[in-house]
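Pasting protein22.txt here (compact mmCIF, C-alpha atoms):
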# COMPACT_ATOMS: atom_id res chain seq x y z
CA MET A 363 202.95 98.94 -51.54
CA ALA A 364 202.63 97.72 -47.96
CA ALA A 365 199.91 100.32 -47.43
CA LEU A 366 197.96 99.03 -50.43
CA PHE A 367 198.28 95.48 -49.13
CA ARG A 368 197.07 96.64 -45.71
CA LEU A 369 194.05 98.27 -47.36
CA ILE A 370 193.19 95.11 -49.28
CA VAL A 371 193.41 92.94 -46.15
CA LEU A 372 191.37 95.41 -44.10
CA VAL A 373 188.63 95.80 -46.71
CA LEU A 374 188.45 92.05 -47.18
CA LEU A 375 188.12 91.47 -43.43
CA LEU A 376 185.33 94.05 -43.16
CA GLU A 377 183.55 92.54 -46.14
CA VAL A 378 183.76 89.03 -44.66
CA MET A 379 182.39 90.36 -41.38
CA PHE A 380 179.45 92.03 -43.07
CA PHE A 381 178.83 89.04 -45.27
CA LEU A 382 178.45 86.85 -42.20
CA LEU A 383 176.29 89.39 -40.35
CA LEU A 384 174.00 89.86 -43.38
CA ARG A 385 173.76 86.11 -43.82
CA ILE A 386 172.62 85.66 -40.23
CA TYR A 387 170.21 88.57 -40.69
CA ILE A 388 168.43 87.38 -43.83
CA ARG A 389 168.29 83.79 -42.58
CA SER A 390 166.64 85.08 -39.43
CA LEU A 391 164.15 87.10 -41.51
CA ARG A 392 163.31 84.02 -43.60
CA ARG A 393 162.83 81.81 -40.53
CA GLU A 394 160.49 84.36 -39.00
CA LYS A 395 158.53 84.47 -42.24
CA LEU A 396 158.31 80.66 -42.34
CA GLU A 397 157.08 80.53 -38.74
CA ASP A 398 154.35 83.03 -39.62
CA ILE A 399 153.39 80.94 -42.66
CA TRP A 400 153.11 77.85 -40.48
CA ASP A 401 151.00 79.70 -37.90
CA ASP A 402 148.67 80.91 -40.66
CA ARG A 403 148.29 77.43 -42.17
CA HIS A 404 147.91 75.55 -38.89
CA PRO A 405 146.25 77.87 -36.40
CA GLU A 406 145.62 74.89 -34.13
CA MET A 407 149.37 74.11 -34.00
CA ALA A 408 150.66 77.68 -33.75
CA GLY A 409 153.57 78.64 -31.54
CA ASN A 410 156.89 76.97 -30.94
CA ASN A 411 156.48 73.21 -31.27
CA PRO A 412 158.42 70.32 -32.87
CA ALA A 413 156.20 70.21 -35.99
CA ARG A 414 156.82 73.88 -36.77
CA ARG A 415 160.56 73.52 -36.09
CA GLU A 416 160.69 70.60 -38.53
CA PHE A 417 158.77 72.61 -41.15
CA VAL A 418 161.16 75.56 -40.80
CA ARG A 419 164.20 73.29 -40.96
CA LYS A 420 162.98 71.58 -44.14
CA SER A 421 162.03 74.88 -45.78
CA MET A 422 165.46 76.37 -45.09
CA VAL A 423 167.28 73.55 -46.93
CA GLY A 424 167.79 75.20 -50.32
CA PHE A 425 168.04 78.74 -49.00
CA GLU A 426 171.68 79.27 -50.02
CA LYS A 427 170.64 78.90 -53.66
CA SER A 428 167.88 81.51 -53.55
CA LEU A 429 168.33 84.91 -55.21
CA LYS A 430 168.19 86.79 -51.91
CA SER A 431 170.91 84.63 -50.46
CA ARG A 432 173.07 85.00 -53.54
CA LEU A 433 172.68 88.78 -53.54
CA ILE A 434 174.66 88.95 -50.27
CA TRP A 435 177.75 88.18 -52.32
CA LEU A 436 177.41 91.77 -53.54
CA VAL A 437 178.97 92.72 -50.20
CA PHE A 438 182.26 91.69 -51.78
CA VAL A 439 181.56 93.48 -55.06
CA ILE A 440 180.01 96.85 -54.24
CA PRO A 441 182.54 98.26 -51.71
CA THR A 442 185.46 97.06 -53.82
CA ALA A 443 183.93 98.62 -56.94
CA ALA A 444 183.24 101.84 -55.02
CA ILE A 445 186.87 102.05 -53.87
CA MET A 446 188.09 101.47 -57.42
CA ALA A 447 185.68 104.13 -58.71
CA ILE A 448 187.00 106.62 -56.14
CA VAL A 449 190.58 105.80 -57.11
CA VAL A 450 189.80 106.41 -60.79
CA MET A 451 187.77 109.56 -60.22
CA VAL A 452 190.32 111.15 -57.91
CA ASN A 453 193.43 110.29 -59.88
CA TRP A 454 192.34 110.62 -63.51
CA GLN A 455 190.90 113.86 -64.83
CA MET B 1217 169.85 110.76 -15.65
CA HIS B 1218 167.61 112.21 -18.33
CA TYR B 1219 169.80 115.32 -18.63
CA VAL B 1220 172.98 113.24 -18.73
CA LYS B 1221 171.53 111.30 -21.66
CA VAL B 1222 170.50 114.49 -23.44
CA VAL B 1223 173.96 116.03 -22.98
CA LEU B 1224 175.70 112.86 -24.18
CA GLY B 1225 173.37 112.64 -27.19
CA VAL B 1226 174.03 116.25 -28.16
CA LEU B 1227 177.79 115.72 -27.77
CA LEU B 1228 177.62 112.61 -29.97
CA GLY B 1229 175.68 114.56 -32.60
CA VAL B 1230 178.26 117.37 -32.55
CA VAL B 1231 181.15 114.88 -32.86
CA VAL B 1232 179.48 113.09 -35.78
CA PHE B 1233 178.76 116.40 -37.51
CA LEU B 1234 182.35 117.63 -37.05
CA PHE B 1235 183.70 114.31 -38.28
CA LEU B 1236 181.58 114.40 -41.44
CA ASP B 1237 182.33 118.09 -41.93
CA TYR B 1238 186.03 117.26 -41.83
CA ALA B 1239 186.07 114.07 -43.86
CA LEU B 1240 183.47 114.74 -46.58
CA PRO B 1241 184.52 116.68 -49.67
CA SER B 1242 183.40 120.28 -50.07
CA LYS B 1243 183.48 122.44 -53.19
CA ASN B 1244 184.49 126.09 -53.30
CA THR B 1245 184.48 128.50 -56.20
CA VAL B 1246 187.86 130.27 -56.20
CA ARG B 1247 190.51 131.85 -58.40
CA ILE B 1248 193.99 130.34 -58.10
CA SER B 1249 196.56 133.07 -57.49
CA ASN B 1250 199.70 131.07 -56.71
CA THR B 1251 201.08 127.58 -56.31
CA TYR B 1252 204.28 126.64 -54.52
CA ASN B 1253 205.82 124.16 -52.15
CA ARG B 1254 207.27 125.07 -48.81
CA VAL B 1255 209.12 123.20 -46.07
CA THR B 1256 206.48 123.03 -43.35
CA PRO B 1257 207.06 122.06 -39.72
CA ILE B 1258 204.65 119.37 -38.60
CA SER B 1259 204.27 119.00 -34.84
CA SER B 1260 202.39 116.41 -32.86
CA ALA B 1261 199.58 118.95 -32.41
CA ASN B 1262 198.71 119.25 -36.10
CA ALA B 1263 200.07 115.98 -37.49
CA ILE B 1264 196.49 114.64 -37.55
CA PHE B 1265 195.65 117.28 -40.20
CA TYR B 1266 198.41 116.10 -42.54
CA ALA B 1267 198.92 112.93 -44.50
CA SER B 1268 200.24 109.98 -42.55
CA GLU B 1269 203.95 109.40 -42.87
CA ASP B 1270 203.83 106.28 -45.02
CA THR B 1271 202.09 107.92 -47.99
CA GLY B 1272 205.23 108.92 -49.84
CA THR B 1273 205.78 112.28 -48.18
CA VAL B 1274 209.32 112.51 -46.88
CA GLN B 1275 209.77 114.06 -43.47
CA ASN B 1276 213.19 115.12 -42.24
CA ALA B 1277 214.64 114.59 -38.78
CA ALA B 1278 213.43 118.00 -37.60
CA GLY B 1279 209.84 117.02 -38.39
CA GLN B 1280 209.62 119.18 -41.50
CA ARG B 1281 207.94 118.17 -44.70
CA ASP B 1282 207.95 119.67 -48.18
CA VAL B 1283 204.26 120.35 -48.73
CA ARG B 1284 202.63 121.70 -51.89
CA PHE B 1285 200.26 124.63 -51.42
CA ILE B 1286 197.63 126.27 -53.62
CA GLU B 1287 196.76 129.88 -52.81
CA THR B 1288 193.34 131.02 -53.94
CA VAL B 1289 191.03 134.03 -53.79
CA ARG B 1290 187.29 133.64 -53.29
CA PRO B 1291 184.74 135.71 -55.22
CA ASN B 1292 184.22 137.90 -52.14
CA GLY B 1293 187.92 138.82 -52.10
CA LYS B 1294 188.93 136.72 -49.09
CA VAL B 1295 191.82 134.34 -49.54
CA PHE B 1296 191.93 130.60 -48.96
CA VAL B 1297 194.95 128.29 -48.88
CA TYR B 1298 194.85 124.61 -49.77
CA ARG B 1299 197.51 122.03 -49.27
CA ASN B 1300 198.00 119.38 -51.92
CA GLU B 1301 199.16 116.09 -50.46
CA ASP B 1302 198.68 112.42 -51.26
CA THR B 1303 196.25 110.77 -48.86
CA GLY B 1304 197.55 107.24 -49.04
CA TRP B 1305 195.51 104.07 -48.99
CA ILE B 1306 193.61 104.03 -45.73
CA TRP B 1307 192.45 107.30 -44.24
CA PRO B 1308 190.81 109.53 -45.33
CA PRO B 1309 189.55 107.24 -48.08
CA TYR B 1310 190.27 109.43 -51.08
CA PHE B 1311 193.11 107.22 -52.37
CA LYS B 1312 194.75 110.26 -53.91
CA TYR B 1313 198.24 109.79 -55.29
CA ASP B 1314 198.27 112.29 -58.13
CA SER B 1315 199.14 115.44 -56.18
CA ALA B 1316 201.96 116.25 -58.64
CA ASN B 1317 199.45 116.20 -61.52
CA LEU B 1318 196.96 118.23 -59.52
CA HIS B 1319 199.66 120.76 -58.78
CA ALA B 1320 200.54 121.07 -62.46
CA GLU B 1321 196.86 121.58 -63.21
CA ALA B 1322 196.55 124.27 -60.54
CA THR B 1323 199.64 126.05 -61.83
CA ASN B 1324 198.22 125.96 -65.33
CA LEU B 1325 194.95 127.53 -64.12
CA ARG B 1326 196.61 130.42 -62.27
CA SER B 1327 195.09 133.76 -63.20
CA ALA B 1328 195.38 137.43 -62.29
CA ALA B 1329 192.59 139.49 -60.74
CA GLY B 1330 192.17 141.42 -64.02
CA ASP B 1331 191.51 138.33 -66.12
CA PRO B 1332 190.17 135.73 -63.68
CA GLN B 1333 189.79 132.04 -64.44
CA TRP B 1334 187.27 130.74 -61.88
CA VAL B 1335 187.62 127.15 -60.75
CA SER B 1336 185.85 124.85 -58.35
CA VAL B 1337 188.25 123.23 -55.90
CA THR B 1338 187.07 120.03 -54.22
CA ALA B 1339 188.75 119.54 -50.87
CA TYR B 1340 188.31 117.96 -47.48
CA GLY B 1341 189.56 119.26 -44.13
CA TRP B 1342 189.61 122.51 -42.23
CA ARG B 1343 191.66 125.67 -42.42
CA LEU B 1344 192.79 126.23 -38.82
CA PRO B 1345 195.36 129.05 -38.83
CA TRP B 1346 196.36 128.60 -35.15
CA LEU B 1347 197.19 124.92 -35.82
CA THR B 1348 198.66 125.55 -39.28
CA ALA B 1349 196.12 123.12 -40.75
CA TYR B 1350 194.98 123.33 -44.37
CA PRO B 1351 192.27 121.50 -46.28
CA ASN B 1352 193.61 119.02 -48.79
CA ALA B 1353 192.64 119.74 -52.42
CA ILE B 1354 191.32 116.70 -54.30
CA ALA B 1355 190.20 118.00 -57.69
CA ILE B 1356 190.01 121.22 -59.69
CA ASP B 1357 187.32 121.93 -62.28
CA THR B 1358 187.11 125.04 -64.45
CA LEU B 1359 184.01 127.21 -64.22
CA ALA B 1360 182.45 129.86 -66.46
CA GLY B 1361 182.01 132.47 -63.76
CA PRO B 1362 182.28 133.25 -60.04
CA ASP B 1363 178.54 132.67 -59.48
CA GLN B 1364 178.65 129.03 -60.51
CA ARG B 1365 178.33 126.62 -57.60
CA PRO B 1366 178.51 122.99 -58.79
CA ARG B 1367 176.48 120.51 -56.79
CA ASN B 1368 178.52 118.46 -54.32
CA TRP B 1369 177.34 115.03 -55.48
CA ALA B 1370 180.07 113.07 -53.71
CA ALA B 1371 179.14 114.36 -50.25
CA SER B 1372 175.39 113.98 -50.87
CA ILE B 1373 175.74 110.39 -52.05
CA THR B 1374 178.04 109.55 -49.14
CA CYS B 1375 175.53 110.96 -46.65
CA VAL B 1376 172.65 108.98 -48.18
CA VAL B 1377 174.72 105.78 -48.22
CA LEU B 1378 175.72 106.31 -44.57
CA LEU B 1379 172.06 106.84 -43.60
CA LEU B 1380 171.00 103.66 -45.41
CA PHE B 1381 173.85 101.81 -43.73
CA LEU B 1382 172.73 103.09 -40.33
CA ALA B 1383 169.15 102.01 -41.04
CA LEU B 1384 170.37 98.54 -42.05
CA LEU B 1385 172.45 98.21 -38.87
CA TRP B 1386 169.43 99.32 -36.83
CA ARG B 1387 167.16 96.71 -38.51
CA MET B 1388 169.79 93.99 -38.03
CA TRP B 1389 170.12 94.82 -34.35
CA ALA B 1390 166.31 94.91 -33.93
CA GLN B 1391 166.03 91.48 -35.54
CA PHE B 1392 168.80 90.08 -33.35
CA HIS B 1393 167.11 91.55 -30.27
CA GLU B 1394 163.70 90.17 -31.18
CA ARG B 1395 164.83 86.69 -32.23
CA THR B 1396 167.83 86.00 -29.99
CA ILE B 1397 168.02 88.24 -26.93
CA GLU B 1398 164.32 88.35 -26.01
CA PRO B 1399 163.80 84.55 -26.15
CA ALA B 1400 166.96 84.05 -24.09
CA VAL B 1401 165.74 86.56 -21.50
CA ARG B 1402 162.35 84.88 -21.47
CA ARG B 1403 163.98 81.47 -20.92
CA VAL B 1404 166.06 82.83 -18.05
CA ASP B 1405 162.97 84.48 -16.58
CA GLU B 1406 160.98 81.27 -16.79
CA GLY B 1407 163.83 79.32 -15.20
CA TRP B 1408 164.03 81.91 -12.45
CA ASP B 1409 160.27 81.71 -11.91
CA ARG B 1410 160.54 77.96 -11.51
CA VAL B 1411 163.37 78.37 -8.99
CA GLU B 1412 161.34 80.91 -7.07
CA ALA B 1413 158.26 78.73 -7.09
CA ARG B 1414 160.29 75.85 -5.69
CA ALA B 1415 161.83 78.13 -3.06
CA ASP B 1416 158.36 79.38 -2.11
CA ALA B 1417 157.06 75.86 -1.78
CA ALA B 1418 160.04 74.88 0.36
CA ARG B 1419 159.57 77.94 2.56
CA ASP B 1420 155.88 77.18 2.96
CA ARG B 1421 156.73 73.64 3.95
CA VAL B 1422 159.31 74.84 6.50
CA SER B 1423 156.95 77.45 7.98
CA ASP B 1424 154.13 74.93 8.14
CA SER B 1425 156.24 72.41 9.97
CA THR B 1426 157.67 75.05 12.33
CA ALA B 1427 154.16 76.28 13.03
CA GLU B 1428 153.14 72.71 13.73
CA ALA B 1429 156.16 72.14 15.93
CA ARG B 1430 155.48 75.40 17.77
CA GLY B 1431 151.90 74.36 18.29
CA ARG B 1432 153.01 71.08 19.77
CA PHE B 1433 155.60 72.80 21.95
CA ARG B 1434 152.96 75.23 23.23
CA GLY B 1435 150.68 72.29 23.90
CA TRP B 1436 153.45 70.53 25.79
CA LEU B 1437 154.18 73.71 27.85
CA GLY B 1438 150.48 73.94 28.57
CA THR B 1439 150.64 70.57 30.26
CA TRP B 1440 152.94 72.09 32.93
CA ARG B 1441 150.52 74.80 33.84
CA GLY B 1442 148.18 74.12 36.59
CA LYS B 1443 144.67 73.20 35.92
CA PRO B 1444 142.43 76.14 35.32
CA ARG B 1445 140.94 77.32 38.60
CA LYS B 1446 137.31 76.78 38.97
I'd like the structure from this file rewritten - as structure tokens, please.
Amino acid sequence: MAALFRLIVLVLLLEVMFFLLLRIYIRSLRREKLEDIWDDRHPEMAGNNPARREFVRKSMVGFEKSLKSRLIWLVFVIPTAAIMAIVVMVNWQ
Amino acid sequence: MHYVKVVLGVLLGVVVFLFLDYALPSKNTVRISNTYNRVTPISSANAIFYASEDTGTVQNAAGQRDVRFIETVRPNGKVFVYRNEDTGWIWPPYFKYDSANLHAEATNLRSAAGDPQWVSVTAYGWRLPWLTAYPNAIAIDTLAGPDQRPRNWAASITCVVLLLFLALLWRMWAQFHERTIEPAVRRVDEGWDRVEARADAARDRVSDSTAEARGRFRGWLGTWRGKPRK
């Protein structure tokens, strides 16, 4: 029973770690995309400047609610489901 | 340096291959000839090839464990021995705790050479006779004949998932490098350039003033010389 508990804690820690890493990753991708959009729209104000930073900041406001951002929660679902599937497949014929 | 890198890369590749070869399941078409359990000595040398101690297997003070074995014969006549042990909850991640059921199944599928019942045994691990290591059987499926070789879906899917995972990690690192490390390096470089420019300017100032001072000193020395002879 202690071993099962250890597994649950370990898997949960790994999942939290990957959730945070993926979150940073897709936010970074989105910010890069927004910067490119700004540079396309305002070629005369391209590059790192306060106006672009403000645009990126405003555009990132609702990002947690977007589908892409919500899909990261699958990090908690897929590995856990995979482990359960392995348990069932190995132990039930 | 180039050769060191090549050697290290090859070694890493070999280690990864051996690791996957050990940990991924493999399927073999065999005929089960016998099943039994035997008190097996487990030393520190081969303990890594057996289940860890907290998985329900009882080990006595002399380091012996009652391990279930499945003896099999391959279609080419060579024999192969599997052990049948629970894996526990962490490593390797098979989460197997039905070894008693599997053993009953194997015993039920025993057959003689005259009237063979071919089965596919899924197992992970290596058979190393000099270390008394046996692969651990995971599942047994009945087959129609000795030529049947079921596809090893579990290992294929695991390999694909691992590759995708590696690609994701690589993309994440590339993004981090591009967006975080490179700008930081650039900032440090720019700062350093500014420092250097200031240092250059200061040095120029110092050398200018020393040159000026030297010029004056020379001029002053010149006043001590006698007048040029006519």
Can you tell me which residues surround Gly1361 in chain B at a distance of at most 12 Å, considering all atoms listed in the file, apart from same-chain residues fewer than 4 positions away, and format the answer as a PDB file with C-alpha atoms, in the coordinates of the input?
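Saved to around.pdb:
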ATOM      1  CA  THR B1245     184.480 128.500 -56.200  1.00  0.00           C
ATOM      2  CA  VAL B1246     187.860 130.270 -56.200  1.00  0.00           C
ATOM      3  CA  ARG B1247     190.510 131.850 -58.400  1.00  0.00           C
ATOM      4  CA  ARG B1290     187.290 133.640 -53.290  1.00  0.00           C
ATOM      5  CA  PRO B1291     184.740 135.710 -55.220  1.00  0.00           C
ATOM      6  CA  ASP B1331     191.510 138.330 -66.120  1.00  0.00           C
ATOM      7  CA  PRO B1332     190.170 135.730 -63.680  1.00  0.00           C
ATOM      8  CA  GLN B1333     189.790 132.040 -64.440  1.00  0.00           C
ATOM      9  CA  TRP B1334     187.270 130.740 -61.880  1.00  0.00           C
ATOM     10  CA  VAL B1335     187.620 127.150 -60.750  1.00  0.00           C
ATOM     11  CA  SER B1336     185.850 124.850 -58.350  1.00  0.00           C
ATOM     12  CA  ASP B1357     187.320 121.930 -62.280  1.00  0.00           C
ATOM     13  CA  ARG B1365     178.330 126.620 -57.600  1.00  0.00           C
ATOM     14  CA  PRO B1366     178.510 122.990 -58.790  1.00  0.00           C
TER      15      PRO B1366
END
### Query
What is the distance, in Å and to one decimal place, between CA of Ala1355 in chain B and CA of Ser1327 in chain B?
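About the pair CA of Ala1355 in chain B and CA of Ser1327 in chain B: they are 17.4 Å apart.
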### Test item: chain B residues at most 12 Å from chain A, counting only C-alpha atoms, as a PyMOL selection string
chain B and resi 1241+1268-1272+1302-1318+1321+1338-1339+1353-1358+1370+1373-1374+1377+1381+1384-1396+1399
Writer output for current selection, C-alpha atoms, as a CSV table (one decimal), keeping the file's coordinate frame:
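The resulting part.csv:
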chain,number,residue,atom,x,y,z
B,1241,PRO,CA,184.5,116.7,-49.7
B,1268,SER,CA,200.2,110.0,-42.6
B,1269,GLU,CA,204.0,109.4,-42.9
B,1270,ASP,CA,203.8,106.3,-45.0
B,1271,THR,CA,202.1,107.9,-48.0
B,1272,GLY,CA,205.2,108.9,-49.8
B,1302,ASP,CA,198.7,112.4,-51.3
B,1303,THR,CA,196.2,110.8,-48.9
B,1304,GLY,CA,197.6,107.2,-49.0
B,1305,TRP,CA,195.5,104.1,-49.0
B,1306,ILE,CA,193.6,104.0,-45.7
B,1307,TRP,CA,192.4,107.3,-44.2
B,1308,PRO,CA,190.8,109.5,-45.3
B,1309,PRO,CA,189.6,107.2,-48.1
B,1310,TYR,CA,190.3,109.4,-51.1
B,1311,PHE,CA,193.1,107.2,-52.4
B,1312,LYS,CA,194.8,110.3,-53.9
B,1313,TYR,CA,198.2,109.8,-55.3
B,1314,ASP,CA,198.3,112.3,-58.1
B,1315,SER,CA,199.1,115.4,-56.2
B,1316,ALA,CA,202.0,116.2,-58.6
B,1317,ASN,CA,199.4,116.2,-61.5
B,1318,LEU,CA,197.0,118.2,-59.5
B,1321,GLU,CA,196.9,121.6,-63.2
B,1338,THR,CA,187.1,120.0,-54.2
B,1339,ALA,CA,188.8,119.5,-50.9
B,1353,ALA,CA,192.6,119.7,-52.4
B,1354,ILE,CA,191.3,116.7,-54.3
B,1355,ALA,CA,190.2,118.0,-57.7
B,1356,ILE,CA,190.0,121.2,-59.7
B,1357,ASP,CA,187.3,121.9,-62.3
B,1358,THR,CA,187.1,125.0,-64.4
B,1370,ALA,CA,180.1,113.1,-53.7
B,1373,ILE,CA,175.7,110.4,-52.0
B,1374,THR,CA,178.0,109.6,-49.1
B,1377,VAL,CA,174.7,105.8,-48.2
B,1381,PHE,CA,173.8,101.8,-43.7
B,1384,LEU,CA,170.4,98.5,-42.0
B,1385,LEU,CA,172.4,98.2,-38.9
B,1386,TRP,CA,169.4,99.3,-36.8
B,1387,ARG,CA,167.2,96.7,-38.5
B,1388,MET,CA,169.8,94.0,-38.0
B,1389,TRP,CA,170.1,94.8,-34.4
B,1390,ALA,CA,166.3,94.9,-33.9
B,1391,GLN,CA,166.0,91.5,-35.5
B,1392,PHE,CA,168.8,90.1,-33.4
B,1393,HIS,CA,167.1,91.6,-30.3
B,1394,GLU,CA,163.7,90.2,-31.2
B,1395,ARG,CA,164.8,86.7,-32.2
B,1396,THR,CA,167.8,86.0,-30.0
B,1399,PRO,CA,163.8,84.6,-26.2
### Query
What is the distance, in Å and to one decimal place, between CA of Tyr1238 in chain B and CA of Ala1278 in chain B?
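Going from CA of Tyr1238 in chain B over to CA of Ala1278 in chain B, I get 27.7 Å.
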### Query
Which is closer to Leu376 in chain A than all the others in A:Ala444, A:Phe438, A:Glu416, A:Glu397, using all atoms listed in the file?
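Result for the nearest residue to Leu376 in chain A: A:Phe438.
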### Point-to-point distance from CA of Asn1276 in chain B to CA of Ala1320 in chain B, Å rounded to tenths
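If I compute the distance from CA of Asn1276 in chain B to CA of Ala1320 in chain B, I get 24.6 Å.
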### Task
Compare A:Ile399, A:Ile434, A:Ala447, A:Val423 by their minimum atom-to-atom distance to Arg385 in chain A, counting only C-alpha atoms, and give me the closest one.
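Smallest separation from Arg385 in chain A among the options: A:Ile434.
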### Query
Taking into account only C-alpha atoms, which residue in the set A:Asp402, A:Val371, A:Ala443, A:Arg392 is nearest to Arg419 in chain A?
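Checking each of A:Asp402, A:Val371, A:Ala443, A:Arg392 against Arg419 in chain A, counting only C-alpha atoms, the winner is A:Arg392.
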If we count only C-alpha atoms, what is near Gln1280 in chain B at a cut-off of 7 Å, once residues fewer than 6 positions away on the same chain are taken out, given as an mmCIF file with C-alpha atoms, in the frame of the given file?
data_model
loop_
_atom_site.group_PDB
_atom_site.id
_atom_site.type_symbol
_atom_site.label_atom_id
_atom_site.label_comp_id
_atom_site.auth_asym_id
_atom_site.auth_seq_id
_atom_site.Cartn_x
_atom_site.Cartn_y
_atom_site.Cartn_z
ATOM 1 C CA VAL B 1255 209.120 123.200 -46.070
ATOM 2 C CA THR B 1256 206.480 123.030 -43.350
ATOM 3 C CA PRO B 1257 207.060 122.060 -39.720
ATOM 4 C CA ILE B 1258 204.650 119.370 -38.600
#
Please return the centre and edge lengths, in Å to one decimal, of a box with edges along x, y and z that contains all listed atoms of range 399-417 of chain A, widened by 5 Å on every side, as JSON.
{"center_x": 153.2, "center_y": 75.6, "center_z": -36.8, "size_x": 25.1, "size_y": 20.7, "size_z": 21.7}
